[in-house]
Amino acid sequence: MVKGVIFDMDGILVDSEPFWQLAEMEVFPQYGVPITLEDTLKTQGLRIDHVVQFWFSRHPWDNASAKEVEQRILDAMVAVIRDKGQPMPGVVSTLDTLHQAGIPMAVATSSPHILMEATLEKLAIGHYFQATCSAEHLPLGKPHPQVYLNAIDALNLEATQCLAVEDSFNGLLAAKAARMHTLAIPDAEHRADPRYVIADRQYLSLEEFSLEHWL
């Protein structure tokens, strides 16, 4: 029986994956990285410093530090979230359903705190969550499970009592490593990816969410 639900943020609560893609395609070419839209899918779900490391290892640059590149991408993301951020389909109704059922909720994201705060404020959903956890200052982000373990502890529950809601395979690996129940909602590009079979359930969107599936 699920007694707590922990949500990934990007691609689950907010339709931010296109914003990440645009920010990366705007910033990385300025440092000589020939990145395409398809290329951005290779790092989906990774923490921003790991994304920058991924591309630096393949196309090293010498005109800026990794931290400077991370900050430029992050600045672009915060601005666009505050301007255009919208909840994913079914988010508000799902949060309402869980809240009315008395089921505690948390956010567990690889994104930095400033982006998480901007997102929750823009969508006006911060009041639903008993805990908000970012992997920003952890030694490793997803697919390492630590951010999920932190959220589980913050809800004062056991991992096997918690459901993780994820869109990326890296996030799904993190939740599985934490020994959680898992719901995958991959984007259109990944719905046919056979690796998502490891999820307990797969939806097209949170509009399909039903408590009866998990109780």
# chains A, B, ... in the order shown; residues from 1 in each chain; ligands from 1
>>> residues_around(residues="Gln161 of chain A", least_positions_apart="5", cutoff="10 Å", atoms="only C-alpha atoms", output="list in words")
Met1, Val2, Lys3, Gly4, Val5, Ile152, Arg179, Met180 and His181 of chain A
>>> select_by_dssp(residues="segment 70-185 of chain A", states="alpha helix (DSSP H)", output="count of residues only")
54
>>> residues_around(residues="Glu70 of chain A", least_positions_apart="3", cutoff="7 Å", atoms="only C-alpha atoms", output="PyMOL selection string")
chain A and resi 48-49+52+66-67+73-74
>>> residues_around(residues="Pro186 of chain A", least_positions_apart="2", cutoff="12 Å", atoms="only C-alpha atoms", output="PyMOL selection string")
chain A and resi 8+10-12+15+17+41+44-45+165-172+183-184+188-197+199+201-206
>>> write_last_selection(atoms="N, CA and C atoms", output="short mmCIF file (atom, residue, chain, number, x, y, z; two decimals), in the first residue's frame")
data_model
loop_
_atom_site.label_atom_id
_atom_site.label_comp_id
_atom_site.auth_asym_id
_atom_site.auth_seq_id
_atom_site.Cartn_x
_atom_site.Cartn_y
_atom_site.Cartn_z
N ASP A 8 9.04 13.59 -9.26
CA ASP A 8 10.06 14.31 -9.99
C ASP A 8 9.43 15.64 -10.42
N ASP A 10 10.80 18.17 -13.34
CA ASP A 10 10.87 18.46 -14.77
C ASP A 10 10.22 17.35 -15.59
N GLY A 11 9.21 17.71 -16.35
CA GLY A 11 8.53 16.74 -17.18
C GLY A 11 7.41 16.00 -16.48
N ILE A 12 7.28 16.18 -15.16
CA ILE A 12 6.20 15.56 -14.39
C ILE A 12 5.26 16.63 -13.84
N ASP A 15 5.99 21.37 -17.58
CA ASP A 15 6.43 21.02 -18.93
C ASP A 15 7.71 21.80 -19.25
N GLU A 17 10.87 20.27 -19.95
CA GLU A 17 11.89 19.61 -20.77
C GLU A 17 12.17 20.40 -22.06
N LEU A 41 18.30 14.68 -25.59
CA LEU A 41 17.62 13.55 -24.97
C LEU A 41 18.60 12.60 -24.28
N GLN A 44 18.72 13.60 -20.56
CA GLN A 44 17.46 13.90 -19.88
C GLN A 44 17.44 13.27 -18.49
N GLY A 45 17.07 14.06 -17.49
CA GLY A 45 16.99 13.57 -16.12
C GLY A 45 18.26 13.71 -15.32
N VAL A 165 7.05 9.17 -9.01
CA VAL A 165 6.47 9.49 -10.31
C VAL A 165 7.55 10.15 -11.16
N GLU A 166 7.93 9.49 -12.24
CA GLU A 166 9.11 9.88 -13.03
C GLU A 166 8.82 9.90 -14.52
N ASP A 167 9.54 10.75 -15.24
CA ASP A 167 9.45 10.74 -16.70
C ASP A 167 10.70 10.20 -17.36
N SER A 168 11.86 10.33 -16.73
CA SER A 168 13.12 9.92 -17.36
C SER A 168 13.55 8.55 -16.89
N PHE A 169 14.32 7.87 -17.73
CA PHE A 169 14.83 6.55 -17.33
C PHE A 169 15.85 6.68 -16.21
N ASN A 170 16.66 7.75 -16.22
CA ASN A 170 17.61 7.95 -15.13
C ASN A 170 16.87 8.11 -13.80
N GLY A 171 15.77 8.85 -13.81
CA GLY A 171 14.98 9.01 -12.59
C GLY A 171 14.34 7.71 -12.16
N LEU A 172 13.88 6.94 -13.13
CA LEU A 172 13.28 5.64 -12.82
C LEU A 172 14.31 4.71 -12.18
N LEU A 183 5.94 4.83 -10.98
CA LEU A 183 5.04 5.19 -12.07
C LEU A 183 5.83 6.00 -13.08
N ALA A 184 5.89 5.51 -14.30
CA ALA A 184 6.61 6.21 -15.37
C ALA A 184 5.63 6.93 -16.29
N ALA A 188 6.80 11.81 -25.31
CA ALA A 188 6.45 11.11 -26.54
C ALA A 188 7.64 10.40 -27.18
N GLU A 189 8.83 11.01 -27.07
CA GLU A 189 10.02 10.43 -27.68
C GLU A 189 10.46 9.13 -27.02
N HIS A 190 10.01 8.90 -25.78
CA HIS A 190 10.50 7.74 -25.02
C HIS A 190 9.42 6.70 -24.71
N ARG A 191 8.20 6.93 -25.15
CA ARG A 191 7.11 6.02 -24.75
C ARG A 191 7.31 4.59 -25.24
N ALA A 192 8.01 4.44 -26.35
CA ALA A 192 8.23 3.10 -26.90
C ALA A 192 9.55 2.50 -26.41
N ASP A 193 10.26 3.21 -25.55
CA ASP A 193 11.56 2.72 -25.05
C ASP A 193 11.32 1.48 -24.18
N PRO A 194 11.85 0.33 -24.58
CA PRO A 194 11.58 -0.91 -23.83
C PRO A 194 12.15 -0.90 -22.41
N ARG A 195 13.08 -0.01 -22.12
CA ARG A 195 13.66 0.02 -20.77
C ARG A 195 12.64 0.41 -19.71
N TYR A 196 11.58 1.11 -20.11
CA TYR A 196 10.58 1.56 -19.14
C TYR A 196 9.73 0.42 -18.60
N VAL A 197 9.96 -0.79 -19.09
CA VAL A 197 9.23 -1.96 -18.59
C VAL A 197 9.52 -2.19 -17.11
N ALA A 199 9.22 -0.11 -14.78
CA ALA A 199 8.26 0.64 -13.97
C ALA A 199 7.07 -0.26 -13.62
N ARG A 201 3.99 0.79 -13.33
CA ARG A 201 2.94 1.21 -14.24
C ARG A 201 3.48 2.31 -15.15
N GLN A 202 2.86 2.47 -16.31
CA GLN A 202 3.21 3.56 -17.21
C GLN A 202 1.93 4.23 -17.69
N TYR A 203 1.88 5.56 -17.54
CA TYR A 203 0.74 6.35 -17.99
C TYR A 203 1.18 7.26 -19.14
N LEU A 204 0.18 7.76 -19.86
CA LEU A 204 0.44 8.81 -20.85
C LEU A 204 0.55 10.17 -20.17
N SER A 205 -0.22 10.36 -19.08
CA SER A 205 -0.16 11.59 -18.30
C SER A 205 -0.76 11.33 -16.93
N LEU A 206 -0.63 12.31 -16.04
CA LEU A 206 -1.23 12.18 -14.72
C LEU A 206 -2.76 12.25 -14.77
#
>>> closest_residue(among="A:Arg72, A:His213, A:Lys142, A:His99", to="Gln30 of chain A", atoms="only C-alpha atoms")
A:Arg72
>>> residues_around(residues="segment 138-140 of chain A", least_positions_apart="5", cutoff="12 Å", atoms="only C-alpha atoms", output="ChimeraX atom specification")
/A:46-50,109-113,133,145-150,174
>>> write_last_selection(atoms="C-alpha atoms", output="compact mmCIF listing (two decimals), in the first residue's frame")
# COMPACT_ATOMS: atom_id res chain seq x y z
CA LEU A 46 20.61 14.31 -15.26
CA ARG A 47 21.70 17.10 -12.94
CA ILE A 48 22.90 20.20 -14.76
CA ASP A 49 26.55 19.79 -13.71
CA HIS A 50 26.50 16.23 -15.07
CA THR A 109 14.43 16.68 -8.35
CA SER A 110 17.88 16.86 -9.89
CA SER A 111 17.27 20.55 -10.59
CA PRO A 112 18.80 23.25 -8.36
CA HIS A 113 16.80 24.76 -5.49
CA CYS A 133 14.36 17.87 -2.04
CA PRO A 145 18.91 7.27 -5.38
CA GLN A 146 20.03 9.69 -2.63
CA VAL A 147 17.58 12.49 -3.45
CA TYR A 148 14.73 9.98 -3.23
CA LEU A 149 16.07 8.55 0.01
CA ASN A 150 16.19 12.08 1.44
CA ALA A 174 17.04 6.18 -9.02
>>> closest_residue(among="A:Ile198, A:Ala159, A:Ile125, A:Leu115", to="Asp96 of chain A", atoms="only C-alpha atoms")
A:Ile125
>>> atom_distance(atom1="atom CA of Val69 of chain A", atom2="atom CA of Val33 of chain A")
11.7 Å
>>> residues_around(residues="Ile81 of chain A", least_positions_apart="3", cutoff="9 Å", atoms="only C-alpha atoms", output="list in words")
Val14, Ser16, Phe19, Ala76, Met77, Val78, Lys84, Gly85, Gln86, Leu115, Ala118, Thr119 and Lys122 of chain A
>>> select_by_dssp(residues="segment 10-212 of chain A", states="strand (DSSP E or B)", output="list in words")
Asp10, Val14, Pro87, Met105, Ala106, Val107, Ala108, Thr109, Ala131, Thr132, Cys133, Ser134, Cys162, Leu163, Ala164, Val165, Glu166, His181, Thr182, Leu183, Ala184, Arg201 and Gln202 of chain A
>>> decode(residues="segment 28-40 of chain A", atoms="N, CA and C atoms", output="PDB file, in the first residue's frame")
ATOM      1  N   PHE A  28      25.206  25.904 -25.315  1.00  0.00           N
ATOM      2  CA  PHE A  28      26.333  25.036 -25.643  1.00  0.00           C
ATOM      3  C   PHE A  28      27.031  25.399 -26.962  1.00  0.00           C
ATOM      4  N   PRO A  29      26.313  25.741 -28.032  1.00  0.00           N
ATOM      5  CA  PRO A  29      27.024  26.102 -29.273  1.00  0.00           C
ATOM      6  C   PRO A  29      27.942  27.299 -29.114  1.00  0.00           C
ATOM      7  N   GLN A  30      27.677  28.160 -28.126  1.00  0.00           N
ATOM      8  CA  GLN A  30      28.559  29.297 -27.880  1.00  0.00           C
ATOM      9  C   GLN A  30      29.935  28.847 -27.370  1.00  0.00           C
ATOM     10  N   TYR A  31      30.008  27.582 -26.954  1.00  0.00           N
ATOM     11  CA  TYR A  31      31.284  27.018 -26.478  1.00  0.00           C
ATOM     12  C   TYR A  31      31.771  25.900 -27.397  1.00  0.00           C
ATOM     13  N   GLY A  32      31.231  25.887 -28.624  1.00  0.00           N
ATOM     14  CA  GLY A  32      31.724  24.945 -29.624  1.00  0.00           C
ATOM     15  C   GLY A  32      31.118  23.566 -29.574  1.00  0.00           C
ATOM     16  N   VAL A  33      30.014  23.406 -28.842  1.00  0.00           N
ATOM     17  CA  VAL A  33      29.364  22.094 -28.750  1.00  0.00           C
ATOM     18  C   VAL A  33      28.254  22.032 -29.803  1.00  0.00           C
ATOM     19  N   PRO A  34      28.361  21.149 -30.800  1.00  0.00           N
ATOM     20  CA  PRO A  34      27.368  21.071 -31.883  1.00  0.00           C
ATOM     21  C   PRO A  34      26.151  20.245 -31.472  1.00  0.00           C
ATOM     22  N   ILE A  35      25.388  20.747 -30.524  1.00  0.00           N
ATOM     23  CA  ILE A  35      24.294  19.981 -29.940  1.00  0.00           C
ATOM     24  C   ILE A  35      23.015  20.146 -30.752  1.00  0.00           C
ATOM     25  N   THR A  36      22.270  19.045 -30.902  1.00  0.00           N
ATOM     26  CA  THR A  36      20.988  19.049 -31.601  1.00  0.00           C
ATOM     27  C   THR A  36      19.876  18.715 -30.615  1.00  0.00           C
ATOM     28  N   LEU A  37      18.639  18.872 -31.065  1.00  0.00           N
ATOM     29  CA  LEU A  37      17.504  18.520 -30.217  1.00  0.00           C
ATOM     30  C   LEU A  37      17.569  17.053 -29.806  1.00  0.00           C
ATOM     31  N   GLU A  38      17.914  16.190 -30.738  1.00  0.00           N
ATOM     32  CA  GLU A  38      18.036  14.766 -30.426  1.00  0.00           C
ATOM     33  C   GLU A  38      19.133  14.521 -29.397  1.00  0.00           C
ATOM     34  N   ASP A  39      20.221  15.280 -29.474  1.00  0.00           N
ATOM     35  CA  ASP A  39      21.324  15.134 -28.525  1.00  0.00           C
ATOM     36  C   ASP A  39      20.884  15.430 -27.092  1.00  0.00           C
ATOM     37  N   THR A  40      19.977  16.396 -26.918  1.00  0.00           N
ATOM     38  CA  THR A  40      19.565  16.769 -25.559  1.00  0.00           C
ATOM     39  C   THR A  40      18.878  15.620 -24.838  1.00  0.00           C
TER      40      THR A  40
END
